[in-house]
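A.B. asks: My questions will all concern the structure given below.
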Amino acid sequence: MNYGKRLIGILAALALCAPAFADDLQGPGDAASPSFADNDSNASGIDSERHDGADLDLNEAHGDDRQDEHRGVTMIKIIGFNDFHGTLLSPGNFPVQPGGSGTATISKPAGGVDFMAGWVNKLKSQNPNHVVVSAGDLIGASPLISAFFHDEGTIETMNRLGLEFNAVGNHEFDEGKAELMRMQNGGCHSTDVNSCKGLAVGTPVPFEGAKFKFLSANVVDTASGRTLFPSYAIKRFNGKRVAFIGMTLKDTPSIVTPAGVAGLTFNDEAGAVNALIPQLKKRGVKAIVVLIHQGGFQGSAQPNFINDCSAALQDPTTSPIKGIVSRLDDAVDLVISGHTHTGFICHLPNKADRVIPVTQASAFGRVLTDIDMTLDNRTGDVTGIVANNVTVDRTDPAVTADASIASIVAGYNTLVSPLANQIIGTIIAALPNTANAAGEMEAGDLIADAQLAATQPAQFGAAEIALMNAGGVRNPGFNTANATYPHAVTYQEAFTVQPFGNSLVTMTLTAQQLKEVLEQQFPGSNCVLPSGAINVQTVQRVMQPSSGLNYAWSTTGSPCAKVVNVTVNGTPIVSNGTVLNPTATFRVTVNNFMATGGDNFTVLTQGLNRLGGAQDIDALLAYMANFKAPNAPYDPTAASLNKPRIIKLP
């Protein structure tokens, strides 16, 4: 149906919405439920039914489910967000658009989980029928205040914010399956003393675990054939059941270190959703929301702020969510997305060519999606949805920060401050993680140089060049808001850019392999490289080269033939697309994520004579010590840095 035509009816119904007499949360009691293909088991999102010889104990709280037929509809409010990434403190300013879509924006301090909770409370107060959901990457790639304590503070504050369902994203798997299960179930880390700090911050000891449900309909434990977490959960509003299906992007194995996804299978997103529809219908569910950690980007046309949908996410390469939605069963009413760290409110066609709302709320707790959904009291069907992204404005006088959450954050901040505030070096100018037209970024160059310096000594690998994956250079780079230059870089700022704790690996590659791994930076359409390796890259992922490696690539070159010229320490390796001495060898440093084929750089798995090295953050600290007073600051324009390192040709 056309949801836009229902707007007037929805607004009128707001005054008539019946209260939710109980938050009737329904979902499996054990963390491992059958895969989406096991429809007969009917285990995902089920209350107290037997499957595989086990009873599910949900401890459901059944309230007064009386329906008020005279009121006609039930209004519910869904409060959504995505890609929080453990950002407990405000990450800085974010635009607010007080005049609505297409009007001028003003910059305001935004985010911080204390004010995020305040905004959630404000939205909840508008309707007693409410639910708070997340579309993944709640944890992982987090600032030091969360990551140093294995993101326990994020889980604890989200418990108190009132989060109910989180569709696990790729970064939830950064520390592996067992650690993710600990996030759900609680308990102290097996080896790290920086776990279970509740006595210092005012939370229970041992770590309490998530009071909300992790959902993963398409992530299957290959040994058991069961989903790692429940596929879906159901919440009742005035007797009407609303299902929330949680999804992780199927490409997770290509962007997470293999150890993090070992023993798991990531199935097709649309297929997993569609397979669940029959059992949800059997349970009388008429309203279905998909929480999916996959997304897209608006086009360049204006307006394209957080409540717009420029070009309707047309580019399939950068907006895979559009293709997923186009294959969804018509029973799905709403999609709340994540992963791409952008904001939009779109209406995209599903399998039946019916348009449904698809939303995303930027990232880092700076934006919430406020969604009003109308349910028909007689049938339980969705009759209207209105969605609006709102900035978590810390200056809004109508919003009060949550004091208990602020106290927890302050406790963790006190614990980590001695380390966080250490000065590691000085830079003479900002080094952002935004790439130029060729794909080179100032922050990426610095990190690649640090990794080369750490592995150049013979005993540490005898590296000649280093390559850094661009996705591992996190926002905002070495570009702290309101900094003056020269700027003294702190450990916390460095950790924000390099939060993964990857270790360095130095390997031997031939000149042919080096050329081929550079080809794998560009979409390959499954073209076959001379070595027989297949280029399965689907998006452009330009690596950041260290000093000593220079190359040029062509925008019009064919897949597997885009790299035109390559030099290593001034010596030509590739000329006009031809490898001059294919068997010549070079020592190349990458991180362990890339070394095992991450980001689809599969040629790197062929590297020989591997030697493990320091952690990436330690390499960065050691390198930056060269630019600590009384030494001169790091200057990105210095001739010795051999820039530009990447050239884009027509």
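Labels used: A, B, ... for chains in the order of the structure tokens, numbers from 1 for residues in each chain, and numbers from 1 for ligands as shown.
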What's around Thr248 in chain A at 8 Å? Count only C-alpha atoms, leave out sequence neighbours fewer than 5 positions away in its own chain, and write the answer as a PyMOL selection string.

C.D. replies: chain A and resi 136+167-170+216-219+266+269+292-294

A.B. asks: Restricting it to N, CA and C atoms, dump the selection as a PDB file, in the first residue's frame.

C.D. replies:
ATOM      1  N   GLY A 136      22.728  -3.463  14.357  1.00  0.00           N
ATOM      2  CA  GLY A 136      24.043  -4.082  14.364  1.00  0.00           C
ATOM      3  C   GLY A 136      25.236  -3.166  14.522  1.00  0.00           C
ATOM      4  N   ALA A 167      20.254  -6.793  15.958  1.00  0.00           N
ATOM      5  CA  ALA A 167      20.687  -7.689  14.885  1.00  0.00           C
ATOM      6  C   ALA A 167      22.207  -7.624  14.808  1.00  0.00           C
ATOM      7  N   VAL A 168      22.880  -8.737  15.049  1.00  0.00           N
ATOM      8  CA  VAL A 168      24.343  -8.685  15.120  1.00  0.00           C
ATOM      9  C   VAL A 168      24.931  -8.266  13.773  1.00  0.00           C
ATOM     10  N   GLY A 169      25.909  -7.363  13.828  1.00  0.00           N
ATOM     11  CA  GLY A 169      26.608  -6.916  12.632  1.00  0.00           C
ATOM     12  C   GLY A 169      27.941  -7.610  12.484  1.00  0.00           C
ATOM     13  N   ASN A 170      28.698  -7.221  11.487  1.00  0.00           N
ATOM     14  CA  ASN A 170      29.991  -7.872  11.266  1.00  0.00           C
ATOM     15  C   ASN A 170      30.960  -7.616  12.409  1.00  0.00           C
ATOM     16  N   SER A 216      20.062 -13.259  14.846  1.00  0.00           N
ATOM     17  CA  SER A 216      20.888 -13.553  13.665  1.00  0.00           C
ATOM     18  C   SER A 216      20.256 -14.680  12.862  1.00  0.00           C
ATOM     19  N   ALA A 217      19.284 -14.347  12.038  1.00  0.00           N
ATOM     20  CA  ALA A 217      18.539 -15.361  11.300  1.00  0.00           C
ATOM     21  C   ALA A 217      19.368 -16.072  10.247  1.00  0.00           C
ATOM     22  N   ASN A 218      20.422 -15.443   9.759  1.00  0.00           N
ATOM     23  CA  ASN A 218      21.189 -16.041   8.660  1.00  0.00           C
ATOM     24  C   ASN A 218      22.595 -16.466   9.065  1.00  0.00           C
ATOM     25  N   VAL A 219      22.891 -16.476  10.374  1.00  0.00           N
ATOM     26  CA  VAL A 219      24.205 -16.915  10.848  1.00  0.00           C
ATOM     27  C   VAL A 219      24.045 -18.277  11.515  1.00  0.00           C
ATOM     28  N   PHE A 266      27.307 -17.829   6.836  1.00  0.00           N
ATOM     29  CA  PHE A 266      26.480 -16.638   6.676  1.00  0.00           C
ATOM     30  C   PHE A 266      25.659 -16.796   5.400  1.00  0.00           C
ATOM     31  N   GLU A 269      20.674 -13.042   2.785  1.00  0.00           N
ATOM     32  CA  GLU A 269      19.799 -12.299   3.688  1.00  0.00           C
ATOM     33  C   GLU A 269      18.323 -12.442   3.301  1.00  0.00           C
ATOM     34  N   ILE A 292      18.490  -5.292   9.685  1.00  0.00           N
ATOM     35  CA  ILE A 292      19.527  -5.888   8.854  1.00  0.00           C
ATOM     36  C   ILE A 292      20.782  -5.034   8.852  1.00  0.00           C
ATOM     37  N   HIS A 293      21.913  -5.699   9.083  1.00  0.00           N
ATOM     38  CA  HIS A 293      23.178  -4.976   9.046  1.00  0.00           C
ATOM     39  C   HIS A 293      23.728  -4.994   7.616  1.00  0.00           C
ATOM     40  N   GLN A 294      23.087  -4.239   6.787  1.00  0.00           N
ATOM     41  CA  GLN A 294      23.529  -3.984   5.415  1.00  0.00           C
ATOM     42  C   GLN A 294      22.814  -2.720   4.971  1.00  0.00           C
TER      43      GLN A 294
END

A.B. asks: Could you please write out, as a count of residues only, every residue of range 391-554 of chain A that DSSP assigns to alpha helix (DSSP H)?

C.D. replies: 48

A.B. asks: At a cut-off of 8 Å, using only C-alpha atoms, what residues contact range 297-307 of chain A? Leave out same-chain residues fewer than 3 positions from it and give the result as a PyMOL selection string.

C.D. replies: chain A and resi 101-102+310-314+318-319+340+342-345+361-362+388-389

A.B. asks: Would you kindly return, as a ChimeraX atom specification, each protein, DNA or RNA residue with an atom no farther than 12 Å from any atom of Glu516 in chain A, considering only C-alpha atoms and excluding same-chain residues fewer than 2 positions away?

C.D. replies: /A:509-514,518-522,524,527-535,559-564,566,574,577-579,582,601-604,606

A.B. asks: List every residue of range 380-559 of chain A that DSSP, applied to the backbone of this structure, places in strand (DSSP E or B), and write the result as number ranges by chain.

C.D. replies: A: 382-391, 393, 423-427, 431-432, 465-468, 477-478, 487-490, 503-510, 527-528, 534-535, 544-545, 549-554

A.B. asks: How many Å lie between CA of Pro91 in chain A and CA of Ala494 in chain A, rounded to one decimal?

C.D. replies: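 Going from CA of Pro91 in chain A over to CA of Ala494 in chain A covers 14.6 Å.
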